[in-house]
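**Q** For reference, this is start.txt, and it has compact mmCIF, C-alpha atoms.
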```
# COMPACT_ATOMS: atom_id res chain seq x y z
CA MET A 1 92.49 87.23 77.25
CA ASN A 2 93.91 90.23 75.40
CA ALA A 3 96.67 92.43 76.80
CA LEU A 4 94.37 95.24 77.91
CA ALA A 5 91.97 92.92 79.77
CA ALA A 6 94.88 91.12 81.47
CA THR A 7 96.60 94.37 82.50
CA SER A 8 93.34 95.82 83.83
CA ARG A 9 92.70 92.62 85.78
CA ASN A 10 96.13 92.78 87.43
CA PHE A 11 95.53 96.47 88.19
CA ARG A 12 92.20 95.77 89.90
CA GLN A 13 93.65 92.92 91.98
CA ALA A 14 96.45 95.19 93.17
CA SER A 15 93.95 97.97 93.87
CA ARG A 16 91.92 95.64 96.08
CA LEU A 17 95.03 94.54 97.95
CA LEU A 18 95.89 98.20 98.62
CA GLY A 19 92.31 99.16 99.46
CA LEU A 20 92.29 102.08 97.00
CA ASP A 21 89.33 104.44 96.86
CA SER A 22 87.06 103.34 93.98
CA ARG A 23 87.05 106.84 92.46
CA LEU A 24 90.85 107.00 92.47
CA GLU A 25 90.99 103.48 91.00
CA LYS A 26 88.78 104.55 88.10
CA SER A 27 90.81 107.71 87.55
CA LEU A 28 94.11 105.80 87.43
CA LEU A 29 92.77 103.25 84.96
CA ILE A 30 91.55 105.76 82.37
CA PRO A 31 94.30 107.10 80.05
CA PHE A 32 95.18 110.79 80.22
CA ARG A 33 94.96 111.07 76.42
CA GLU A 34 94.45 108.79 73.40
CA VAL A 35 95.39 110.00 69.92
CA LYS A 36 94.65 108.36 66.56
CA VAL A 37 96.08 109.93 63.40
CA GLU A 38 96.09 109.23 59.68
CA CYS A 39 99.54 109.00 58.10
CA THR A 40 99.44 109.22 54.30
CA ILE A 41 102.68 108.99 52.31
CA PRO A 42 103.80 108.62 48.68
CA LYS A 43 105.47 105.26 48.12
CA ASP A 44 108.57 104.75 46.00
CA ASP A 45 106.48 103.47 43.07
CA GLY A 46 104.39 106.65 43.00
CA THR A 47 101.28 105.21 44.67
CA ILE A 48 99.74 106.68 47.82
CA ALA A 49 99.42 104.64 51.02
CA SER A 50 97.62 105.49 54.26
CA TYR A 51 98.40 104.10 57.70
CA VAL A 52 96.89 104.66 61.15
CA GLY A 53 99.11 105.83 63.98
CA TYR A 54 98.36 105.82 67.71
CA ARG A 55 99.75 107.45 70.83
CA VAL A 56 98.26 106.68 74.23
CA GLN A 57 99.44 108.80 77.16
CA HIS A 58 98.35 107.01 80.29
CA ASP A 59 99.49 108.97 83.35
CA ASN A 60 101.74 111.94 84.16
CA SER A 61 101.40 112.22 87.93
CA ARG A 62 105.04 111.23 88.58
CA GLY A 63 106.60 113.03 85.62
CA PRO A 64 106.57 113.19 81.80
CA MET A 65 105.16 110.17 80.05
CA LYS A 66 107.51 107.59 78.56
CA GLY A 67 107.05 104.71 76.16
CA GLY A 68 108.04 103.14 72.89
CA ILE A 69 106.73 103.45 69.35
CA ARG A 70 106.22 100.17 67.50
CA TYR A 71 105.68 99.47 63.81
CA HIS A 72 103.72 96.25 63.39
CA PRO A 73 100.71 95.10 61.33
CA GLU A 74 98.76 94.18 64.48
CA VAL A 75 99.12 97.49 66.31
CA ASP A 76 95.67 98.39 67.66
CA PRO A 77 94.22 100.74 70.30
CA ASP A 78 93.71 98.02 72.93
CA GLU A 79 97.30 96.80 72.69
CA VAL A 80 98.74 100.32 72.77
CA ASN A 81 96.48 101.20 75.72
CA ALA A 82 97.61 98.13 77.68
CA LEU A 83 101.29 98.79 77.02
CA ALA A 84 100.94 102.47 77.99
CA GLN A 85 99.34 101.41 81.27
CA LEU A 86 102.12 98.87 81.87
CA MET A 87 104.70 101.64 81.39
CA THR A 88 103.04 103.68 84.14
CA TRP A 89 103.46 100.86 86.65
CA LYS A 90 106.89 99.85 85.29
CA THR A 91 108.42 103.31 85.70
CA ALA A 92 106.93 103.54 89.20
CA VAL A 93 108.36 100.12 90.16
CA ALA A 94 111.79 101.23 88.91
CA ASN A 95 111.23 104.50 90.81
CA ILE A 96 112.15 106.74 87.90
CA PRO A 97 110.23 110.03 87.47
CA TYR A 98 108.03 109.11 84.53
CA GLY A 99 104.49 108.09 83.70
CA GLY A 100 103.46 105.67 80.98
CA ALA A 101 102.81 106.10 77.26
CA LYS A 102 102.93 103.94 74.14
CA GLY A 103 102.51 104.45 70.42
CA GLY A 104 102.59 102.70 67.14
CA ILE A 105 101.69 102.58 63.48
CA GLY A 106 99.82 99.69 61.91
CA CYS A 107 102.26 98.77 59.16
CA SER A 108 104.65 96.02 58.10
CA PRO A 109 108.11 97.64 58.29
CA SER A 110 109.76 94.79 56.37
CA SER A 111 107.60 95.61 53.32
CA LEU A 112 108.61 99.30 53.33
CA SER A 113 111.83 100.75 51.97
CA LYS A 114 114.07 102.90 54.17
CA THR A 115 112.85 106.06 52.41
CA GLU A 116 109.21 105.01 52.89
CA LEU A 117 109.83 104.36 56.59
CA GLU A 118 111.44 107.78 56.91
CA ARG A 119 108.47 109.48 55.23
CA LEU A 120 106.03 107.59 57.45
CA THR A 121 107.97 108.48 60.61
CA ARG A 122 108.17 112.16 59.69
CA VAL A 123 104.43 112.37 58.89
CA PHE A 124 103.58 110.66 62.20
CA THR A 125 105.85 113.11 64.05
CA GLN A 126 104.18 116.06 62.29
CA LYS A 127 100.81 114.81 63.55
CA ILE A 128 101.88 114.40 67.21
CA HIS A 129 104.77 116.87 67.69
CA HIS A 130 102.59 119.19 69.81
CA LEU A 131 101.76 116.28 72.16
CA ILE A 132 105.30 115.05 72.83
CA GLY A 133 108.24 116.89 74.35
CA ILE A 134 111.12 116.84 76.82
CA ASN A 135 108.83 117.47 79.80
CA MET A 136 105.65 116.00 78.32
CA ASP A 137 106.10 112.65 76.54
CA ILE A 138 109.38 111.03 75.47
CA PRO A 139 109.14 108.25 72.84
CA ALA A 140 111.65 105.42 72.40
CA PRO A 141 112.19 102.47 70.04
CA ASP A 142 110.02 99.37 70.26
CA MET A 143 109.16 96.45 68.00
CA GLY A 144 109.86 97.34 64.37
CA THR A 145 111.62 100.62 65.19
CA ASN A 146 115.22 101.44 66.09
CA SER A 147 117.72 104.23 66.71
CA GLN A 148 117.35 105.46 63.13
CA THR A 149 113.59 105.89 63.67
CA MET A 150 114.35 107.98 66.76
CA ALA A 151 116.83 110.09 64.75
CA TRP A 152 114.08 110.92 62.22
CA ILE A 153 111.65 111.82 65.02
CA LEU A 154 114.29 114.04 66.67
CA ASP A 155 115.03 115.81 63.40
CA GLU A 156 111.36 116.36 62.49
CA TYR A 157 110.45 117.50 66.02
CA SER A 158 113.41 119.92 66.06
CA LYS A 159 112.05 121.67 62.93
CA PHE A 160 109.11 122.82 65.06
CA HIS A 161 110.73 123.25 68.48
CA GLY A 162 114.48 123.76 67.99
CA HIS A 163 117.23 121.23 68.72
CA SER A 164 115.79 118.91 71.39
CA PRO A 165 117.86 115.73 71.86
CA ALA A 166 115.97 114.76 75.03
CA VAL A 167 112.65 114.44 73.15
CA VAL A 168 113.41 110.79 72.35
CA THR A 169 115.66 108.11 73.81
CA GLY A 170 117.30 105.15 72.13
CA LYS A 171 118.98 107.54 69.68
CA PRO A 172 122.28 106.96 67.84
CA LEU A 173 125.29 107.92 69.97
CA ASP A 174 126.21 110.73 67.54
CA LEU A 175 122.84 112.41 68.22
CA GLY A 176 122.95 112.18 72.01
CA GLY A 177 122.24 108.50 72.58
CA SER A 178 123.57 106.74 75.67
CA LEU A 179 126.29 104.18 76.02
CA GLY A 180 124.87 100.90 77.32
CA ARG A 181 121.37 101.52 75.93
CA ASP A 182 121.52 98.71 73.36
CA ALA A 183 122.22 96.10 76.05
CA ALA A 184 120.09 97.71 78.76
CA THR A 185 116.92 95.61 78.67
CA GLY A 186 118.83 92.33 78.38
CA ARG A 187 121.27 93.39 81.08
CA GLY A 188 118.37 94.36 83.33
CA VAL A 189 116.79 90.94 82.76
CA VAL A 190 120.01 89.26 83.88
CA ILE A 191 120.35 91.49 86.97
CA ALA A 192 116.72 90.70 87.86
CA THR A 193 117.40 86.98 87.34
CA GLU A 194 120.44 87.18 89.61
CA ALA A 195 118.35 88.85 92.33
CA LEU A 196 115.61 86.22 92.05
CA LEU A 197 117.98 83.26 92.09
CA ALA A 198 120.00 84.71 94.99
CA GLU A 199 116.74 84.86 96.98
CA HIS A 200 116.62 81.07 96.56
CA GLY A 201 120.31 80.52 97.27
CA MET A 202 121.23 79.88 93.63
CA PRO A 203 123.84 81.56 91.40
CA ILE A 204 123.47 81.98 87.64
CA ARG A 205 126.51 79.76 87.09
CA ASP A 206 125.60 76.20 86.04
CA GLN A 207 121.84 76.87 85.99
CA HIS A 208 120.02 75.83 82.81
CA PHE A 209 118.22 78.54 80.82
CA VAL A 210 115.74 78.47 77.94
CA ILE A 211 115.22 81.75 76.05
CA GLN A 212 112.35 82.33 73.64
CA GLY A 213 113.29 85.16 71.31
CA PHE A 214 116.76 86.02 70.03
CA GLY A 215 116.32 89.66 69.08
CA ASN A 216 117.98 92.48 70.99
CA VAL A 217 116.72 91.47 74.45
CA GLY A 218 117.03 87.70 74.10
CA SER A 219 120.48 87.75 72.51
CA TRP A 220 121.91 90.16 75.11
CA ALA A 221 120.40 88.13 77.95
CA ALA A 222 121.88 84.93 76.46
CA LYS A 223 125.29 86.56 76.00
CA LEU A 224 125.47 87.89 79.56
CA ILE A 225 124.15 84.64 81.10
CA HIS A 226 126.76 82.69 79.10
CA GLU A 227 129.51 85.05 80.35
CA LYS A 228 128.38 84.44 83.94
CA GLY A 229 128.66 80.68 83.55
CA GLY A 230 124.99 79.89 83.02
CA LYS A 231 124.07 77.21 80.48
CA VAL A 232 121.65 78.38 77.80
CA VAL A 233 120.31 75.02 76.64
CA ALA A 234 117.67 76.18 74.14
CA ILE A 235 116.85 79.36 72.19
CA SER A 236 114.48 80.35 69.42
CA ASP A 237 113.82 83.19 67.01
CA ILE A 238 111.15 83.77 64.40
CA THR A 239 112.83 81.28 62.03
CA GLY A 240 113.48 78.27 64.28
CA ALA A 241 114.84 76.87 67.55
CA LEU A 242 118.08 75.28 68.74
CA LYS A 243 118.93 72.99 71.65
CA ASN A 244 122.01 71.55 73.35
CA THR A 245 121.53 70.08 76.83
CA SER A 246 125.22 70.72 77.60
CA GLY A 247 124.86 74.40 76.77
CA LEU A 248 124.75 76.24 73.46
CA ASP A 249 127.76 78.13 72.06
CA ILE A 250 126.11 81.52 72.41
CA PRO A 251 128.94 83.70 70.99
CA SER A 252 128.98 81.57 67.81
CA ILE A 253 125.19 81.72 67.46
CA ILE A 254 125.21 85.52 67.90
CA ARG A 255 127.85 85.83 65.17
CA TYR A 256 125.86 83.50 62.90
CA SER A 257 122.63 85.40 63.53
CA LYS A 258 124.25 88.75 62.69
CA GLU A 259 125.72 87.37 59.47
CA ASN A 260 122.63 85.44 58.31
CA GLY A 261 119.67 87.17 59.93
CA ASN A 262 118.42 83.94 61.56
CA ILE A 263 119.49 80.96 63.65
CA LYS A 264 117.57 78.15 61.92
CA ASP A 265 120.47 76.89 59.78
CA PHE A 266 123.10 76.97 62.53
CA THR A 267 124.50 73.44 62.32
CA GLU A 268 126.38 73.08 65.63
CA ALA A 269 123.23 72.46 67.68
CA GLU A 270 120.10 70.33 67.47
CA ALA A 271 117.19 71.95 65.63
CA ILE A 272 113.88 71.58 67.49
CA ASP A 273 110.29 72.61 66.94
CA PRO A 274 109.90 76.23 68.20
CA GLU A 275 106.44 75.27 69.52
CA CYS A 276 108.12 72.87 71.96
CA LEU A 277 110.68 75.34 73.28
CA LEU A 278 108.53 76.53 76.19
CA HIS A 279 108.19 72.94 77.39
CA GLU A 280 111.93 72.23 77.57
CA GLU A 281 113.21 71.27 81.02
CA CYS A 282 115.26 74.05 82.61
CA ASP A 283 115.81 76.05 85.76
CA VAL A 284 114.85 79.41 84.24
CA LEU A 285 112.58 80.10 81.26
CA ILE A 286 112.91 83.59 79.75
CA PRO A 287 110.15 84.55 77.29
CA ALA A 288 111.72 87.44 75.34
CA ALA A 289 109.47 87.61 72.28
CA LEU A 290 105.76 88.40 71.95
CA GLY A 291 102.99 88.62 74.53
CA GLY A 292 100.54 85.87 75.41
CA VAL A 293 102.89 82.96 74.66
CA LEU A 294 102.12 81.25 77.96
CA ASN A 295 98.40 80.49 78.18
CA ARG A 296 95.99 77.95 79.61
CA GLU A 297 96.64 75.57 76.69
CA ASN A 298 100.39 75.18 77.29
CA ALA A 299 101.06 76.31 80.87
CA SER A 300 100.65 72.83 82.34
CA GLU A 301 103.50 71.57 80.12
CA VAL A 302 106.06 74.12 81.31
CA ARG A 303 108.94 72.40 83.13
CA ALA A 304 110.85 75.45 84.37
CA LYS A 305 111.29 76.30 88.06
CA PHE A 306 111.41 80.06 87.41
CA ILE A 307 110.02 82.29 84.66
CA VAL A 308 111.58 85.71 84.06
CA GLU A 309 109.34 87.82 81.81
CA ALA A 310 111.65 89.68 79.43
CA ALA A 311 108.76 90.28 77.00
CA ASN A 312 105.72 92.42 77.74
CA HIS A 313 102.74 90.38 78.97
CA PRO A 314 104.04 86.92 77.97
CA THR A 315 101.89 85.14 80.58
CA ASP A 316 98.09 85.20 80.47
CA PRO A 317 96.28 85.35 83.86
CA GLU A 318 94.92 81.81 83.31
CA ALA A 319 98.49 80.56 82.81
CA ASP A 320 99.55 82.49 85.91
CA GLU A 321 97.13 80.47 88.03
CA ILE A 322 98.19 77.14 86.53
CA LEU A 323 101.90 77.88 86.95
CA SER A 324 101.41 79.15 90.50
CA LYS A 325 99.71 75.88 91.46
CA LYS A 326 102.71 74.02 90.01
CA GLY A 327 105.05 76.07 92.22
CA VAL A 328 106.66 77.99 89.35
CA VAL A 329 107.98 81.39 90.49
CA ILE A 330 107.29 84.18 87.99
CA LEU A 331 109.25 87.43 87.93
CA PRO A 332 106.85 89.88 86.23
CA ASP A 333 107.52 91.98 83.15
CA ILE A 334 106.92 95.34 84.83
CA TYR A 335 110.08 94.69 86.84
CA ALA A 336 112.10 92.16 84.83
CA ASN A 337 112.32 94.16 81.61
CA ALA A 338 112.59 97.61 83.21
CA GLY A 339 116.30 97.89 82.38
CA GLY A 340 115.53 99.49 79.02
CA VAL A 341 113.40 102.32 80.35
CA THR A 342 115.82 102.85 83.24
CA VAL A 343 118.76 103.46 80.91
CA SER A 344 116.44 105.54 78.71
CA TYR A 345 115.98 107.69 81.82
CA PHE A 346 119.77 107.93 82.14
CA GLU A 347 119.95 109.02 78.47
CA TRP A 348 117.31 111.73 79.08
CA VAL A 349 119.23 112.96 82.14
CA GLN A 350 122.48 113.09 80.15
CA ASN A 351 120.77 115.08 77.36
CA ILE A 352 119.38 117.60 79.85
CA GLN A 353 122.76 117.85 81.61
CA GLY A 354 124.64 118.08 78.32
CA PHE A 355 127.14 115.66 79.84
CA ARG A 356 127.79 112.06 78.79
CA TRP A 357 128.32 109.32 81.38
CA ASP A 358 130.76 106.48 80.72
CA GLU A 359 129.46 102.94 80.29
CA PRO A 360 130.65 101.49 83.63
CA GLN A 361 128.77 104.27 85.45
CA ILE A 362 125.60 103.50 83.48
CA ASN A 363 125.84 99.76 84.16
CA ASN A 364 126.52 100.34 87.86
CA GLU A 365 123.57 102.74 88.16
CA LEU A 366 121.34 100.22 86.36
CA ARG A 367 122.34 97.49 88.82
CA THR A 368 121.60 99.82 91.74
CA TYR A 369 118.12 100.67 90.43
CA MET A 370 117.25 97.05 89.58
CA MET A 371 118.43 95.63 92.91
CA ARG A 372 116.69 98.36 94.89
CA ALA A 373 113.45 97.71 92.99
CA PHE A 374 113.66 93.97 93.73
CA THR A 375 114.05 94.70 97.44
CA ASP A 376 111.06 97.05 97.30
CA ILE A 377 108.94 94.39 95.56
CA LYS A 378 109.89 91.74 98.14
CA ASP A 379 108.98 94.14 100.95
CA MET A 380 105.58 94.73 99.34
CA CYS A 381 105.06 90.96 98.96
CA LYS A 382 105.68 90.50 102.68
CA GLN A 383 103.42 93.41 103.58
CA LEU A 384 100.49 92.18 101.44
CA ASP A 385 101.21 88.42 101.55
CA CYS A 386 101.14 88.13 97.76
CA ASP A 387 103.19 86.80 94.85
CA LEU A 388 105.82 88.77 92.92
CA ARG A 389 103.42 89.94 90.20
CA MET A 390 100.96 91.40 92.68
CA GLY A 391 103.85 92.76 94.75
CA ALA A 392 105.22 94.62 91.72
CA PHE A 393 101.81 95.88 90.56
CA SER A 394 100.93 96.98 94.09
CA LEU A 395 104.26 98.79 94.49
CA GLY A 396 103.82 100.66 91.21
CA LEU A 397 100.17 101.43 91.86
CA GLU A 398 100.84 102.67 95.39
CA ARG A 399 103.53 105.08 94.16
CA VAL A 400 101.33 106.47 91.38
CA ALA A 401 98.31 106.77 93.70
CA ARG A 402 100.41 108.60 96.30
CA ALA A 403 101.71 111.07 93.69
CA THR A 404 98.17 111.59 92.35
CA ASN A 405 96.83 112.31 95.82
CA LEU A 406 99.67 114.69 96.62
CA ARG A 407 98.92 116.68 93.47
CA GLY A 408 95.26 117.04 94.51
CA TRP A 409 93.43 114.96 91.94
CA GLU A 410 89.93 115.71 93.34
CA VAL A 411 90.22 119.50 92.94
```
Just give me the structure of the file as structure tokens.
**A**
Amino acid sequence: MNALAATSRNFRQASRLLGLDSRLEKSLLIPFREVKVECTIPKDDGTIASYVGYRVQHDNSRGPMKGGIRYHPEVDPDEVNALAQLMTWKTAVANIPYGGAKGGIGCSPSSLSKTELERLTRVFTQKIHHLIGINMDIPAPDMGTNSQTMAWILDEYSKFHGHSPAVVTGKPLDLGGSLGRDAATGRGVVIATEALLAEHGMPIRDQHFVIQGFGNVGSWAAKLIHEKGGKVVAISDITGALKNTSGLDIPSIIRYSKENGNIKDFTEAEAIDPECLLHEECDVLIPAALGGVLNRENASEVRAKFIVEAANHPTDPEADEILSKKGVVILPDIYANAGGVTVSYFEWVQNIQGFRWDEPQINNELRTYMMRAFTDIKDMCKQLDCDLRMGAFSLGLERVARATNLRGWEV
């Protein structure tokens, strides 16, 4: 099941639980705007290359739309649509005043030079600058993009609209970025994990963790779990996987990864088949890579007690059912990885205020928002007698539906 079908299915289940009016349900499911643009650039060798860019703006009932821009060969309208919709529910669950959006360009960033990436980013911004803005739609980094990409968007947008640091988040600090943003998603994952484990009378200390993905989110989650006394027993990245049942030396692996760009040749741990990582025995499994990694083919082999979804849509609905029957507790992506967009909100607020917060304040505010959201999800679960995924979806959907009704959607 693709990401859009799975997200729509979860939406409809939550809608039924809430008893939403069918007309409102249909209105909330359809995106506010979908944009597809051609981005043609000269390459360094003098040839001309064309790429297709997308921006889906899903809902703005609770505030300006918010969502990342990804550069990846498999970017397509369905995926972007699904991720935009997820952002609507995610920002509502976190109770920050945004709606959802998502964008991307179908390209392979590793095959483009820095100057080619800059040209592509500037052309894409030229095509959509009139559709984004401080109070309209605020992009952020995603897969294949970073703070430098956001700096190019800021600069190109400012040529049309004047200096506007709040038009993007995830910027470099020197251009109005926020302290704590780099660690935010991983830190949020760890706060969410703490809340979930505390509900079951368990601390992070001495629990065994398996983390799939060792990019920004996975590496920060591993680092913070290690600092709290948790044992990360297996990790993987795109190049390979490592295991140590006594606990991996996470600081050494992070240093090695930064120096070498991979973890596969790290010699102070056992190398294992990355395909087997999801089946390793552990207390908590954290998928922090791509979507759809847990499906009906492999779900029955999962040996974790808890799954914390650091990636977007890592668990297919069929896998959800299998894991639920096994008694595995799943903390859904629209809550678990909301730390990034929450600190993006803090960055936007700082830009509008023209006043920078210090990092302890940002981390404390993030903890407050994440813990409050967990309590709200648990309350919804009790009210509707449902699991955490449906509790989170229902919470987000209820908040968006209430805002839509208050604004007078039928007029």
**Q** Extract, using all atoms listed in the file, all DNA, RNA and protein residues at most 10 Å from Leu83 (chain A), discarding same-chain residues fewer than 6 positions from it, and format them as a list in words.
**A**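 Final neighbour list, sorted by chain and number: Ala3, Leu4, Thr7, Val56, His58, Gly67, Gly68, Pro77, Gly100, Ala101, Lys102, Gly103, Asn312 and His313 of chain A.
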**Q** Could those selected residues go to a file with C-alpha atoms, as a PDB file, in the coordinates of the input?
**A**
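Everything below was put into selection_8.pdb:
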```pdb
ATOM      1  CA  ALA A   3      96.670  92.430  76.800  1.00  0.00           C
ATOM      2  CA  LEU A   4      94.370  95.240  77.910  1.00  0.00           C
ATOM      3  CA  THR A   7      96.600  94.370  82.500  1.00  0.00           C
ATOM      4  CA  VAL A  56      98.260 106.680  74.230  1.00  0.00           C
ATOM      5  CA  HIS A  58      98.350 107.010  80.290  1.00  0.00           C
ATOM      6  CA  GLY A  67     107.050 104.710  76.160  1.00  0.00           C
ATOM      7  CA  GLY A  68     108.040 103.140  72.890  1.00  0.00           C
ATOM      8  CA  PRO A  77      94.220 100.740  70.300  1.00  0.00           C
ATOM      9  CA  GLY A 100     103.460 105.670  80.980  1.00  0.00           C
ATOM     10  CA  ALA A 101     102.810 106.100  77.260  1.00  0.00           C
ATOM     11  CA  LYS A 102     102.930 103.940  74.140  1.00  0.00           C
ATOM     12  CA  GLY A 103     102.510 104.450  70.420  1.00  0.00           C
ATOM     13  CA  ASN A 312     105.720  92.420  77.740  1.00  0.00           C
ATOM     14  CA  HIS A 313     102.740  90.380  78.970  1.00  0.00           C
TER      15      HIS A 313
END
```
**Q** Need the shell around region 373-385 of chain A: protein/DNA/RNA residues with any atom at most 9 Å away, counting only C-alpha atoms. Skip same-chain ones fewer than 5 positions apart. Format as a PyMOL selection string?
**A** chain A and resi 17-18+93-95+192+195-196+335+368+390-395
**Q** With distances taken over all atoms listed in the file, which of A:Ile238, A:Asp387, A:Ser15, A:Asp273 is nearest to Glu321 (chain A)?
**A** A:Asp387
**Q** May I ask which of the residues A:Met87, A:Ala92, A:Met65, A:Cys39 is the closest one to Thr125 (chain A), counting all atoms listed in the file?
**A**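 Nearest candidate to Thr125 (chain A) out of A:Met87, A:Ala92, A:Met65, A:Cys39: A:Cys39.
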**Q** Restricting the calculation to all atoms listed in the file: of A:Thr149, A:Thr115, A:Asn2, A:Ser27, which residue gets closest to Arg70 (chain A)?
**A**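 Ranking A:Thr149, A:Thr115, A:Asn2, A:Ser27 by distance to Arg70 (chain A), first place goes to A:Thr149.
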**Q** Closest to Pro97 (chain A) among A:Ser110, A:Asn260, A:Ser61, A:Gln361, using all atoms listed in the file?
**A**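 Closest residue, counting all atoms listed in the file: A:Ser61.
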**Q** List the spatial neighbours of Asn351 (chain A) as number ranges by chain - criterion: any atom at most 8 Å away, all atoms listed in the file, same-chain residues fewer than 6 positions off excluded.
**A** A: 165-166, 176
**Q** Do a neighbour search on Tyr71 (chain A) at 9 Å with only C-alpha atoms, toss out local chain neighbours closer than 4 positions, and write the hits as a list in words.
**A**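 Residues near the query, excluding close chain neighbours: Val75, Gly103, Gly104, Ile105, Gly106, Cys107, Ser108, Pro109, Asp142, Met143, Gly144 and Thr145 of chain A.
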**Q** Taking into account only C-alpha atoms, which residue in the set A:Thr404, A:Ser219, A:Thr239, A:Gln212 is nearest to Gly291 (chain A)?
**A**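 For Gly291 (chain A), the nearest of the given residues is A:Gln212.
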**Q** What does the structure give for the distance between CA of Glu268 (chain A) and CA of Lys231 (chain A), in Å to one decimal?
**A**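 Result for CA of Glu268 (chain A) versus CA of Lys231 (chain A): 15.6 Å, one decimal.
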**Q** To one decimal place in Å, what is the distance between CA of Leu285 (chain A) and CA of Lys264 (chain A)?
**A** 20.1 Å
**Q** To one decimal place, how far is CA of Met202 (chain A) from CA of Glu281 (chain A) in Å?
**A**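 About the pair CA of Met202 (chain A) and CA of Glu281 (chain A): they are 17.2 Å apart.
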**Q** For a quick check of understanding, using all atoms listed in the file, which of A:His208, A:Arg187, A:Arg399, A:Lys43 has the smallest distance to Lys223 (chain A)?
**A**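 Closest to Lys223 (chain A) of all the choices is A:Arg187.
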**Q** Which polymer residues have any atom within 9 Å of an atom of Leu28 (chain A), counting all atoms listed in the file, with same-chain residues fewer than 5 positions away left out, as a list in words?
**A**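 Skipping anything fewer than 5 positions along the chain leaves Arg23, His58, Asp59, Leu397, Val400, Ala401 and Thr404 of chain A.
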**Q** Within 9 Å of (120.2, 100.3, 87.3) in the file's own coordinates, which protein, DNA or RNA residues have an atom, counting only C-alpha atoms? List them as a PyMOL selection string.
**A** chain A and resi 94+184+188+191+339+342-343+362-372
**Q** Counting only C-alpha atoms, I want the residues whose atoms come within 12 Å of (95.3, 91.3, 78.1) in the file frame, returned as an MDAnalysis selection string.
**A** chainID A and resid 1:11 78:83 85:86 291:293 295 312:318
